[in-house]
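The next block holds one structure in the form of structure tokens; read it before the comments.
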Amino acid sequence: MSSDFLVIGSGIAGLSFALRAAAHGSVTVLCKGKLLDSNTAWAQGGIAAVLPENLRTEGDSVDLHVADTLDAGAGLCNEEVVRTIVGEGAAAIDDLVGNGADFDRESADPARFALGKEGGHSKRRILHARDTTGREIATSLVEQARANPAIKLVEDHFAIDLITTGKLGMVTEDRVLGAYVLDRHSGEVRIFRSDRIVLATGGCGKVYLYTTNPDSATGDGVAMAWRAGARIANMEFIQFHPTCFYNPAAIGPEARSFLISEAVRGEGATLVNGRGEDFVARSDPRGALAPRDIVARAIDRELKRTGAACVYLDVTHKPKGFIRERFPYIHDKLASFGLDCEKEPIPVVPAAHYQCGGVVTDVDGKTSIRGLFAVGEVACTGLHGANRLASNSLLEGNVLARRALEAMLRRYAPEKDAPAAPEIPAWEHGDTTPPDELVVIYHNWDELRRLMWDYVSIVRTNNRLLRAGTRLRNLRGEVRDFYWGHRLTADILELRNLVAVASLIVDCAISRRESRGLHHTLDYPHGDEAFHHDTVLRRF
Ligand code: FAD
Ligand code: SIN
């Protein structure tokens, strides 16, 4: 299987790229599950963008959006990158609307988009489709991709590893040649060839016991890029969303996976403790609408201080019908759990939400390996720094997709006299056997996610990080034996990637001996100029 462009991932990043690239050649889009199994499809609050002057909130500007992004990023954003991406917000909205996304409009003036507000934003600038913005974007992109004859959509195909000249032992400049991919139906491993590959595999929320992310978020792209020798950075900055529904009746991780959008706070919900006190205001005058790292830490502190199981998001003061109309998904889902949010406060707790670090790229998504681009949550472009500003990720996914294609066409145009592509060896199953002890995989999976939650969470210490490092070394060994000794399944591959990504998070966290943005450690509770830089890891 060979194509001009190989895209791994079918979220906003992968599909935005594919739809543009289709005008320049054949495109294969792989996804390990179904096309809509992505973080994109779950996004609620919306997409941040400063629209043309006649459509934006009075007083808003690209400069203000840049300033808010830099402020949230706690000194680690790359200002030039921020300016470039934020400056292309209006074009991103045009692209998504052009592909059929239907964002909410003002009822009084349908020519204007309705703009919401979220934590850290000084103005209303979030476009949304009620509280299911991601589903609106994802379904429209999938529909366009399905209708495009140049795009081949391949579901249930799990990318295992990138194939590079380096991995084949060639001494030429390291470049990508393709990927080994597991066909989940037949169990066969196939080779997908391309010398222009876009990693758009999303984040790694599943590395934590409690997360807002769907099952697909297992950090596969970061793990693959790491194994291929690409540079990885800032994995210590894992964003915890402050407000996930706390449902003691639900068992296991499901208990905390349902997000209550920050946009609910943007519309006036208050965040209070069991005594009705606005405890976040003690940490930041912006209270519940401070950037997420501050709010999540304030909740963590309050829960530890009071011994309570949760805090509360209160919308009972809003006019009747408002929440049902503006946030119908959240309203109905809470109702399905027996909670009428118009009458009683919503119990909430934080959960892992977004990976701010990832595969290091420039502002065009270009990685350190020739021909390999990373776009979307998998990438570390410099936009988010030490803490992402709400609703900047859908924006980044779309903007970087366009920039990546342009850079590829500029830099990696097919060369007429290029040497013949090297032979790629078929996957060797060797004498592996079907996995007989699945319990080992599930045990390790649970242990990993719990240990990351307990030891590498919102507030960290040296001791806990070192403990996590030791446990992860053991897990890595066990998973390696399992990987080499058994026929591959998606579960084995995901566990292997989760252990790799967890190790990168811990390595980055250990090396940052200060507190900044989302990385807060009791051993170094303040920022330190000596660490005013990205944490960059390279395997070889
Ligand atoms: P994803 O959308 O996650 O897509 C990843 C794709 O890669 C999937 O198709 C997956 O199947 C595929 N894949 C992964 N590994 C492999 C593999 N090994 N082989 C083949 N395919 C693979 N951001 C905002 O800006 N605004 C919001 O309102 C917002 N709300 C959110 C709400 C929730 C509940 C969550 C979880 C996230 C939210 N985010 C929001 C974050 C945002 O949704 C994501 O950062 C963004 O959608 C990521 O897009 P992506 O294209 O990079 O990856
Ligand atoms: C939310 O709706 O609260 C999520 C927004 C985001 O993660 O950007």
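Each chain in the structure tokens gets a letter, A, B, ..., in the order shown, and its residues are numbered from 1; ligands are numbered from 1 in order too.
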
Next item on the list: Select the residues contacting ligand 1 at a distance of at most 7 Å, based on only C-alpha atoms and all ligand atoms, then format the selection as an NGL selection string.
Entry: :A and (8-14 or 30-48 or 133-134 or 157-160 or 200-203 or 212-214 or 216-221 or 259 or 353-354 or 375-378 or 390-395 or 397)

Notebook entry, point to check: Hey, which of A:Leu493, A:Val536, A:Val479, A:Leu448 ends up closest to Leu209 in chain A? Count only C-alpha atoms.
Noted result: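 The closest residue to Leu209 in chain A is A:Leu448.
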
Next item on the list: as a PyMOL selection string, list the residues of range 42-155 of chain A assigned to alpha helix (DSSP H) by DSSP on the backbone atoms of this structure.
Entry: chain A and resi 62-72+79-87+89-98+133-146

Item checked: Of the listed residues A:Ile505, A:Lys333, A:Arg370, A:Asp95, that which approaches Leu15 in chain A most closely, counting only C-alpha atoms ->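 Among the listed residues, A:Asp95 lies closest to Leu15 in chain A.
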
Item checked: Atomic distance CA of Ser283 in chain A - CA of Cys508 in chain A, expressed in Å with one decimal ->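 Those two atoms sit 26.4 Å apart.
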